[in-house]
$ cat query.cif   # mmCIF, C-alpha atoms
data_target
loop_
_atom_site.label_atom_id
_atom_site.label_comp_id
_atom_site.auth_asym_id
_atom_site.auth_seq_id
_atom_site.Cartn_x
_atom_site.Cartn_y
_atom_site.Cartn_z
CA MET A 1 0.00 0.00 0.00
CA ILE A 2 1.35 3.35 -0.98
CA ARG A 3 1.54 5.92 1.79
CA MET A 4 0.69 9.53 1.41
CA SER A 5 3.73 11.74 1.21
CA ALA A 6 4.46 14.53 3.67
CA THR A 7 4.44 17.14 0.90
CA PHE A 8 0.91 16.12 -0.01
CA LEU A 9 -0.20 16.64 3.59
CA ILE A 10 1.50 20.03 3.85
CA LEU A 11 0.10 21.26 0.53
CA SER A 12 -3.41 20.09 1.31
CA ALA A 13 -3.19 21.75 4.73
CA ILE A 14 -2.19 25.04 3.06
CA THR A 15 -5.06 24.71 0.59
CA LEU A 16 -7.65 23.96 3.23
CA ILE A 17 -6.45 26.71 5.56
CA GLY A 18 -6.58 29.19 2.68
CA ALA A 19 -10.10 28.09 1.79
CA CYS A 20 -11.30 28.32 5.41
CA ALA A 21 -9.72 31.76 5.78
CA ALA A 22 -11.38 32.91 2.55
CA MET A 23 -14.75 31.88 3.88
CA MET A 24 -14.33 33.15 7.44
CA LEU A 25 -12.38 36.41 7.32
CA ARG A 26 -14.28 39.64 7.71
CA GLY A 27 -12.65 41.93 5.13
CA LEU A 28 -13.40 41.23 1.49
CA VAL A 29 -9.85 41.96 0.31
CA HIS A 30 -8.45 39.58 2.91
CA CYS A 31 -10.85 36.93 1.62
CA ALA A 32 -9.64 37.47 -1.95
CA LEU A 33 -6.00 37.10 -0.89
CA ALA A 34 -6.79 33.96 1.11
CA VAL A 35 -8.58 32.41 -1.82
CA ALA A 36 -5.54 33.18 -3.98
CA ILE A 37 -3.50 31.18 -1.45
CA ALA A 38 -5.99 28.33 -1.69
CA PHE A 39 -5.82 28.33 -5.51
CA ALA A 40 -2.02 28.37 -5.45
CA GLY A 41 -1.97 25.49 -2.96
CA LEU A 42 -4.27 23.53 -5.23
CA GLY A 43 -2.00 24.20 -8.20
CA THR A 44 1.03 22.91 -6.33
CA LEU A 45 -1.08 19.93 -5.28
CA TYR A 46 -1.64 19.14 -8.95
CA LEU A 47 2.09 19.47 -9.54
CA ASN A 48 2.68 17.09 -6.65
CA LEU A 49 0.27 14.59 -8.19
CA GLY A 50 2.19 14.63 -11.45
CA ALA A 51 -0.13 16.76 -13.55
CA GLN A 52 2.40 19.41 -14.52
CA PHE A 53 0.51 21.16 -17.27
CA LEU A 54 -2.69 21.26 -15.27
CA GLY A 55 -0.88 22.66 -12.22
CA LEU A 56 0.70 25.44 -14.23
CA ALA A 57 -2.59 26.17 -15.97
CA GLN A 58 -4.26 26.36 -12.55
CA LEU A 59 -1.62 28.82 -11.33
CA LEU A 60 -1.93 30.97 -14.46
CA VAL A 61 -5.71 30.98 -14.72
CA TYR A 62 -6.76 31.04 -11.10
CA VAL A 63 -4.01 32.95 -9.30
CA GLY A 64 -3.12 35.10 -12.28
CA ALA A 65 -6.56 35.90 -13.63
CA ILE A 66 -9.49 34.97 -11.42
CA ALA A 67 -8.05 36.13 -8.09
CA VAL A 68 -7.02 39.44 -9.65
CA LEU A 69 -10.47 39.76 -11.23
CA ILE A 70 -12.09 39.20 -7.83
CA VAL A 71 -9.88 41.90 -6.29
CA PHE A 72 -10.82 44.28 -9.12
CA VAL A 73 -14.53 43.68 -8.58
CA ILE A 74 -14.16 44.16 -4.81
CA LEU A 75 -12.41 47.48 -5.37
CA LEU A 76 -14.95 48.57 -8.00
CA THR A 77 -17.98 47.80 -5.84
CA ARG A 78 -16.62 49.47 -2.78
CA GLY A 79 -18.56 52.74 -3.09
CA GLY A 80 -21.10 53.00 -0.31
CA GLU A 81 -20.58 49.77 1.49
CA SER A 82 -21.26 49.39 5.15
CA ASP A 83 -18.26 47.40 6.08
CA ALA A 84 -17.84 45.26 9.15
CA THR A 85 -21.44 44.10 8.91
CA PRO A 86 -22.26 42.20 12.08
CA LEU A 87 -24.12 38.94 11.92
CA PRO A 88 -27.24 39.54 13.97
CA GLN A 89 -29.27 36.55 12.92
CA VAL A 90 -27.82 33.23 13.91
CA ALA A 91 -30.20 30.80 12.28
CA LEU A 92 -29.00 31.09 8.69
CA PRO A 93 -25.23 30.61 9.23
CA LEU A 94 -25.86 27.69 11.57
CA THR A 95 -28.09 26.03 9.00
CA GLY A 96 -25.48 26.50 6.30
CA LEU A 97 -22.72 25.11 8.48
CA ALA A 98 -24.89 22.14 9.45
CA VAL A 99 -25.69 21.39 5.80
CA ALA A 100 -22.03 21.58 4.85
CA GLY A 101 -21.01 19.40 7.80
CA CYS A 102 -23.61 16.76 6.93
CA LEU A 103 -22.45 16.79 3.32
CA PHE A 104 -18.85 16.33 4.37
CA ALA A 105 -19.81 13.47 6.68
CA VAL A 106 -21.67 11.69 3.89
CA LEU A 107 -18.80 12.21 1.44
CA ALA A 108 -16.20 10.97 3.91
CA TRP A 109 -18.33 7.91 4.70
CA ALA A 110 -18.64 7.17 0.98
CA VAL A 111 -14.90 7.62 0.46
CA PHE A 112 -14.01 5.23 3.25
CA HIS A 113 -16.53 2.61 2.22
CA SER A 114 -15.90 2.46 -1.50
CA PHE A 115 -14.09 -0.43 -3.10
CA ALA A 116 -12.15 1.56 -5.66
CA VAL A 117 -10.34 3.51 -2.97
CA HIS A 118 -8.91 0.47 -1.25
CA ARG A 119 -7.77 -1.25 -4.38
CA ALA A 120 -4.11 -0.58 -5.03
CA GLY A 121 -4.63 1.38 -8.20
CA THR A 122 -2.08 1.65 -10.93
CA GLN A 123 -0.17 4.89 -11.01
CA ALA A 124 -0.55 6.80 -14.23
CA THR A 125 2.63 7.87 -15.88
CA PRO A 126 2.76 11.66 -15.88
CA ALA A 127 1.88 12.90 -19.34
CA THR A 128 4.34 15.25 -20.94
CA VAL A 129 3.16 18.47 -22.53
CA ARG A 130 4.04 17.09 -25.95
CA GLU A 131 1.75 14.08 -25.50
CA LEU A 132 -0.96 16.31 -24.11
CA GLY A 133 -0.77 18.61 -27.11
CA ALA A 134 -0.89 15.65 -29.47
CA VAL A 135 -3.98 14.29 -27.74
CA LEU A 136 -5.63 17.72 -27.73
CA MET A 137 -5.01 18.12 -31.45
CA ASP A 138 -5.96 14.57 -32.27
CA SER A 139 -8.93 13.13 -30.47
CA TYR A 140 -10.10 16.18 -28.51
CA VAL A 141 -10.14 18.69 -31.35
CA LEU A 142 -13.88 19.24 -31.30
CA PRO A 143 -14.10 19.94 -27.54
CA LEU A 144 -11.13 22.29 -27.91
CA GLU A 145 -12.87 24.26 -30.65
CA VAL A 146 -16.13 24.31 -28.71
CA ILE A 147 -14.45 25.61 -25.59
CA GLY A 148 -12.68 28.29 -27.60
CA LEU A 149 -16.02 29.42 -29.00
CA MET A 150 -17.55 29.30 -25.53
CA LEU A 151 -14.76 31.40 -24.01
CA THR A 152 -15.12 33.99 -26.77
CA ALA A 153 -18.87 34.16 -26.30
CA ALA A 154 -18.54 34.35 -22.51
CA LEU A 155 -15.99 37.16 -22.64
CA ILE A 156 -18.01 39.20 -25.15
CA GLY A 157 -21.09 38.60 -23.01
CA ALA A 158 -19.24 39.67 -19.86
CA VAL A 159 -18.13 42.91 -21.53
CA ILE A 160 -21.65 43.62 -22.74
CA ILE A 161 -23.15 42.90 -19.32
CA ALA A 162 -20.64 45.06 -17.48
CA MET A 163 -20.71 47.89 -20.01
CA LYS A 164 -22.16 51.15 -18.84
CA GLU A 165 -25.58 51.32 -20.40
CA LYS A 166 -26.77 54.43 -22.17
CA GLN A 167 -28.78 56.92 -20.20
CA ASP A 168 -31.81 57.22 -22.42
CA THR A 169 -33.77 59.56 -20.20
CA PRO A 170 -35.04 62.41 -22.35
CA MET B 1 -5.02 5.48 3.99
CA THR B 2 -4.27 5.23 0.30
CA PRO B 3 -3.30 8.37 -1.62
CA LEU B 4 -6.55 8.22 -3.56
CA ALA B 5 -8.53 8.29 -0.33
CA GLY B 6 -6.43 11.21 0.89
CA CYS B 7 -7.09 13.18 -2.28
CA LEU B 8 -10.81 12.47 -2.15
CA LEU B 9 -10.95 13.46 1.51
CA VAL B 10 -9.15 16.76 0.84
CA SER B 11 -11.45 17.46 -2.08
CA SER B 12 -14.59 16.72 -0.08
CA MET B 13 -13.33 19.02 2.68
CA LEU B 14 -12.74 21.74 0.09
CA PHE B 15 -16.23 21.20 -1.27
CA ALA B 16 -17.76 21.40 2.20
CA VAL B 17 -15.87 24.62 2.99
CA GLY B 18 -17.00 26.15 -0.30
CA LEU B 19 -20.59 25.09 0.30
CA ALA B 20 -20.57 26.50 3.83
CA GLY B 21 -19.22 29.79 2.54
CA ALA B 22 -21.70 29.98 -0.33
CA LEU B 23 -24.57 29.29 2.06
CA THR B 24 -23.58 31.57 4.92
CA ARG B 25 -21.76 34.60 3.53
CA LYS B 26 -23.76 37.67 2.63
CA SER B 27 -21.56 39.22 0.00
CA THR B 28 -22.30 38.08 -3.54
CA ILE B 29 -18.58 38.13 -4.36
CA LEU B 30 -17.87 35.68 -1.57
CA VAL B 31 -20.72 33.44 -2.69
CA LEU B 32 -19.04 33.34 -6.10
CA VAL B 33 -15.72 32.52 -4.41
CA GLY B 34 -17.40 29.63 -2.60
CA ILE B 35 -18.72 28.32 -5.90
CA GLU B 36 -15.21 28.55 -7.35
CA LEU B 37 -13.89 26.51 -4.43
CA MET B 38 -16.48 23.82 -5.08
CA LEU B 39 -15.47 23.71 -8.76
CA ASN B 40 -11.85 23.35 -7.73
CA ALA B 41 -12.75 20.43 -5.50
CA ALA B 42 -14.29 18.68 -8.49
CA ASN B 43 -11.11 19.38 -10.46
CA LEU B 44 -8.99 17.81 -7.74
CA ASN B 45 -11.18 14.72 -8.02
CA PHE B 46 -10.50 14.52 -11.75
CA VAL B 47 -6.75 14.68 -11.20
CA ALA B 48 -6.85 12.17 -8.34
CA PHE B 49 -8.84 9.61 -10.32
CA TRP B 50 -6.58 10.13 -13.32
CA ARG B 51 -3.48 9.56 -11.19
CA PHE B 52 -4.57 6.70 -8.94
CA GLY B 53 -7.60 5.29 -10.68
CA PRO B 54 -7.95 1.67 -11.71
CA HIS B 55 -7.75 2.54 -15.40
CA ALA B 56 -4.74 4.75 -15.87
CA ALA B 57 -4.89 4.86 -19.63
CA GLY B 58 -4.11 8.00 -21.55
CA SER B 59 -4.51 11.46 -20.13
CA THR B 60 -8.29 11.73 -20.16
CA GLY B 61 -8.61 12.95 -16.59
CA MET B 62 -6.09 15.71 -17.15
CA ILE B 63 -7.79 16.83 -20.37
CA PHE B 64 -11.12 16.95 -18.58
CA GLY B 65 -9.57 19.03 -15.80
CA LEU B 66 -8.15 21.39 -18.40
CA PHE B 67 -11.55 21.92 -20.00
CA SER B 68 -13.08 22.35 -16.56
CA ILE B 69 -10.60 25.15 -15.77
CA GLY B 70 -11.58 26.85 -19.03
CA VAL B 71 -15.27 26.66 -18.20
CA ALA B 72 -14.58 27.96 -14.69
CA ALA B 73 -12.75 30.95 -16.12
CA ALA B 74 -15.72 31.81 -18.32
CA GLU B 75 -18.08 31.35 -15.38
CA ALA B 76 -16.06 33.65 -13.15
CA ALA B 77 -15.89 36.36 -15.81
CA VAL B 78 -19.63 36.31 -16.45
CA GLY B 79 -20.46 36.08 -12.74
CA LEU B 80 -18.30 39.04 -11.79
CA ALA B 81 -19.73 41.05 -14.70
CA LEU B 82 -23.22 40.27 -13.40
CA ILE B 83 -22.19 41.43 -9.92
CA LEU B 84 -20.91 44.69 -11.40
CA ALA B 85 -24.15 45.21 -13.34
CA VAL B 86 -26.26 44.54 -10.25
CA TYR B 87 -24.08 46.90 -8.22
CA ARG B 88 -24.56 49.64 -10.80
CA HIS B 89 -28.33 49.38 -10.43
CA THR B 90 -28.73 48.85 -6.70
CA LYS B 91 -25.47 50.26 -5.26
CA THR B 92 -24.97 47.24 -3.08
CA THR B 93 -23.54 43.73 -3.29
CA GLU B 94 -24.98 42.44 -0.05
CA LEU B 95 -27.43 39.61 -0.57
CA ASN B 96 -29.87 40.52 2.17
CA GLN B 97 -30.15 44.07 0.88
CA LEU B 98 -30.69 42.80 -2.66
CA THR B 99 -33.51 40.48 -1.69
CA GLY B 100 -35.05 42.81 0.86
CA GLY B 101 -34.78 40.16 3.52
CA PRO B 102 -33.96 40.67 7.19
CA GLN B 103 -30.92 42.83 7.70
#
$ encode --input "query.cif" --output "structure tokens"
Amino acid sequence: MIRMSATFLILSAITLIGACAAMMLRGLVHCALAVAIAFAGLGTLYLNLGAQFLGLAQLLVYVGAIAVLIVFVILLTRGGESDATPLPQVALPLTGLAVAGCLFAVLAWAVFHSFAVHRAGTQATPATVRELGAVLMDSYVLPLEVIGLMLTAALIGAVIIAMKEKQDTP
Amino acid sequence: MTPLAGCLLVSSMLFAVGLAGALTRKSTILVLVGIELMLNAANLNFVAFWRFGPHAAGSTGMIFGLFSIGVAAAEAAVGLALILAVYRHTKTTELNQLTGGPQ
């Protein structure tokens, strides 16, 4: 049976702490920075698992683009915010935490009771970028084209949604 | 504990944290961040099953994770643009002020 490595434990601890901090901190900018830490930890976790291209793509897309985008939106929507909003009602957060805890319990039970987990699985050989590119250009060409079209449409749509609309008051 | 079980456990913890945040936080931006965390947990599952799964043929799991990252990028761009548009109309991003619920 293969043991988990210490680096895996450290990286997953960093990821989970970053995620918890992103969901629990009070200031929005602090949350954005914590979620950037969580994304970076996840990217290094992919690298640790042998998925080099995916790890670097995660670092580029999530830490480089999405975290920065979140910070931009936080700074743009900062106008008349009432910051440090207290949490007067207790029922809703407790319900959410209970739902999430139940979900985690069910998932952990399923993980520990499944057969596939306890079988000593074969270890995939890490795919090189050259092989990955060949596969993407060979048997996954259509999904690649479709996702390119979808990204173009989504970005044009995002610009149109966020564009300042004309004031057509006479 | 096998490495696959460790990966799945980490990913289910990440999913639970994201779900708790999306259900309890009041800022729409943080709800979106929680959804992103849940998506990332699914991605970690793809990589883990690709690496340690019973059928380790080809690089299908990695390719699927790559496409999933692309879709998540599009989702984040559109979601944040929607938040900006809503903010321009209502001057707030707090959920309970948007829905008129209890403060």
$ resolve_selection --input "query.cif" --expression "the PyMOL selection byres ((chain A and resi 135-141) around 12)" --output "ChimeraX atom specification"
/A:127-134,142-148 /B:58-60,62-64,66-67
$ write_last_selection --input "query.cif" --atoms "C-alpha atoms" --output "mmCIF file, keeping the file's coordinate frame"
data_model
loop_
_atom_site.group_PDB
_atom_site.id
_atom_site.type_symbol
_atom_site.label_atom_id
_atom_site.label_comp_id
_atom_site.auth_asym_id
_atom_site.auth_seq_id
_atom_site.Cartn_x
_atom_site.Cartn_y
_atom_site.Cartn_z
ATOM 1 C CA ALA A 127 1.880 12.900 -19.340
ATOM 2 C CA THR A 128 4.340 15.250 -20.940
ATOM 3 C CA VAL A 129 3.160 18.470 -22.530
ATOM 4 C CA ARG A 130 4.040 17.090 -25.950
ATOM 5 C CA GLU A 131 1.750 14.080 -25.500
ATOM 6 C CA LEU A 132 -0.960 16.310 -24.110
ATOM 7 C CA GLY A 133 -0.770 18.610 -27.110
ATOM 8 C CA ALA A 134 -0.890 15.650 -29.470
ATOM 9 C CA LEU A 142 -13.880 19.240 -31.300
ATOM 10 C CA PRO A 143 -14.100 19.940 -27.540
ATOM 11 C CA LEU A 144 -11.130 22.290 -27.910
ATOM 12 C CA GLU A 145 -12.870 24.260 -30.650
ATOM 13 C CA VAL A 146 -16.130 24.310 -28.710
ATOM 14 C CA ILE A 147 -14.450 25.610 -25.590
ATOM 15 C CA GLY A 148 -12.680 28.290 -27.600
ATOM 16 C CA GLY B 58 -4.110 8.000 -21.550
ATOM 17 C CA SER B 59 -4.510 11.460 -20.130
ATOM 18 C CA THR B 60 -8.290 11.730 -20.160
ATOM 19 C CA MET B 62 -6.090 15.710 -17.150
ATOM 20 C CA ILE B 63 -7.790 16.830 -20.370
ATOM 21 C CA PHE B 64 -11.120 16.950 -18.580
ATOM 22 C CA LEU B 66 -8.150 21.390 -18.400
ATOM 23 C CA PHE B 67 -11.550 21.920 -20.000
#
$ residues_around --input "query.cif" --residues "Ile160 (chain A)" --least-positions-apart "5" --cutoff "9 Å" --atoms "only C-alpha atoms" --output "PyMOL selection string"
(chain A and resi 155+165) or (chain B and resi 81)
$ resolve_selection --input "query.cif" --expression "the PyMOL selection byres ((chain B and resi 5) around 12)" --output "compact mmCIF listing (two decimals) with C-alpha atoms, in the frame of the given file"
# COMPACT_ATOMS: atom_id res chain seq x y z
CA MET A 1 0.00 0.00 0.00
CA ILE A 2 1.35 3.35 -0.98
CA ARG A 3 1.54 5.92 1.79
CA MET A 4 0.69 9.53 1.41
CA LEU A 107 -18.80 12.21 1.44
CA ALA A 108 -16.20 10.97 3.91
CA TRP A 109 -18.33 7.91 4.70
CA ALA A 110 -18.64 7.17 0.98
CA VAL A 111 -14.90 7.62 0.46
CA PHE A 112 -14.01 5.23 3.25
CA HIS A 113 -16.53 2.61 2.22
CA SER A 114 -15.90 2.46 -1.50
CA PHE A 115 -14.09 -0.43 -3.10
CA ALA A 116 -12.15 1.56 -5.66
CA VAL A 117 -10.34 3.51 -2.97
CA HIS A 118 -8.91 0.47 -1.25
CA ARG A 119 -7.77 -1.25 -4.38
CA ALA A 120 -4.11 -0.58 -5.03
CA GLY A 121 -4.63 1.38 -8.20
CA MET B 1 -5.02 5.48 3.99
CA THR B 2 -4.27 5.23 0.30
CA PRO B 3 -3.30 8.37 -1.62
CA LEU B 4 -6.55 8.22 -3.56
CA GLY B 6 -6.43 11.21 0.89
CA CYS B 7 -7.09 13.18 -2.28
CA LEU B 8 -10.81 12.47 -2.15
CA LEU B 9 -10.95 13.46 1.51
CA VAL B 10 -9.15 16.76 0.84
CA SER B 11 -11.45 17.46 -2.08
CA SER B 12 -14.59 16.72 -0.08
CA ASN B 45 -11.18 14.72 -8.02
CA ALA B 48 -6.85 12.17 -8.34
CA PHE B 49 -8.84 9.61 -10.32
CA PHE B 52 -4.57 6.70 -8.94
CA GLY B 53 -7.60 5.29 -10.68
$ resolve_selection --input "query.cif" --expression "the PyMOL selection byres ((chain B) within 6 of (chain A))" --output "number ranges by chain"
B: 3, 5, 16, 19-21, 23-24, 51-54, 56, 74, 78, 81, 85
$ atom_distance --input "query.cif" --atom1 "CA of Ala34 (chain A)" --atom2 "CA of Asn96 (chain B)"
24.0 Å
$ closest_residue --input "query.cif" --among "A:Val68, A:Leu56, A:Leu149, A:Ile10" --to "Val29 (chain A)" --atoms "only C-alpha atoms"
A:Val68
$ closest_residue --input "query.cif" --among "B:Ile29, B:Gly65, B:Ala22, B:Phe15" --to "Ile83 (chain B)" --atoms "only C-alpha atoms"
B:Ile29
$ atom_distance --input "query.cif" --atom1 "CA of Ser68 (chain B)" --atom2 "CA of Glu94 (chain B)"
28.6 Å
$ atom_distance --input "query.cif" --atom1 "CA of Ala36 (chain A)" --atom2 "CA of Val63 (chain A)"
5.5 Å
$ residues_around --input "query.cif" --residues "Leu98 (chain B)" --least-positions-apart "4" --cutoff "12 Å" --atoms "all atoms listed in the file" --output "list in words"
Lys26, Ser27, Thr28, Ile83, Val86, Tyr87, His89, Thr90, Lys91, Thr92, Thr93, Glu94, Pro102 and Gln103 of chain B
$ write_last_selection --input "query.cif" --atoms "C-alpha atoms" --output "PDB file, in the coordinates of the input"
ATOM      1  CA  LYS B  26     -23.760  37.670   2.630  1.00  0.00           C
ATOM      2  CA  SER B  27     -21.560  39.220   0.000  1.00  0.00           C
ATOM      3  CA  THR B  28     -22.300  38.080  -3.540  1.00  0.00           C
ATOM      4  CA  ILE B  83     -22.190  41.430  -9.920  1.00  0.00           C
ATOM      5  CA  VAL B  86     -26.260  44.540 -10.250  1.00  0.00           C
ATOM      6  CA  TYR B  87     -24.080  46.900  -8.220  1.00  0.00           C
ATOM      7  CA  HIS B  89     -28.330  49.380 -10.430  1.00  0.00           C
ATOM      8  CA  THR B  90     -28.730  48.850  -6.700  1.00  0.00           C
ATOM      9  CA  LYS B  91     -25.470  50.260  -5.260  1.00  0.00           C
ATOM     10  CA  THR B  92     -24.970  47.240  -3.080  1.00  0.00           C
ATOM     11  CA  THR B  93     -23.540  43.730  -3.290  1.00  0.00           C
ATOM     12  CA  GLU B  94     -24.980  42.440  -0.050  1.00  0.00           C
ATOM     13  CA  PRO B 102     -33.960  40.670   7.190  1.00  0.00           C
ATOM     14  CA  GLN B 103     -30.920  42.830   7.700  1.00  0.00           C
TER      15      GLN B 103
END
$ closest_residue --input "query.cif" --among "B:Gly18, B:Leu80, B:Gly70, B:Trp50" --to "Met38 (chain B)" --atoms "all atoms listed in the file"
B:Gly18
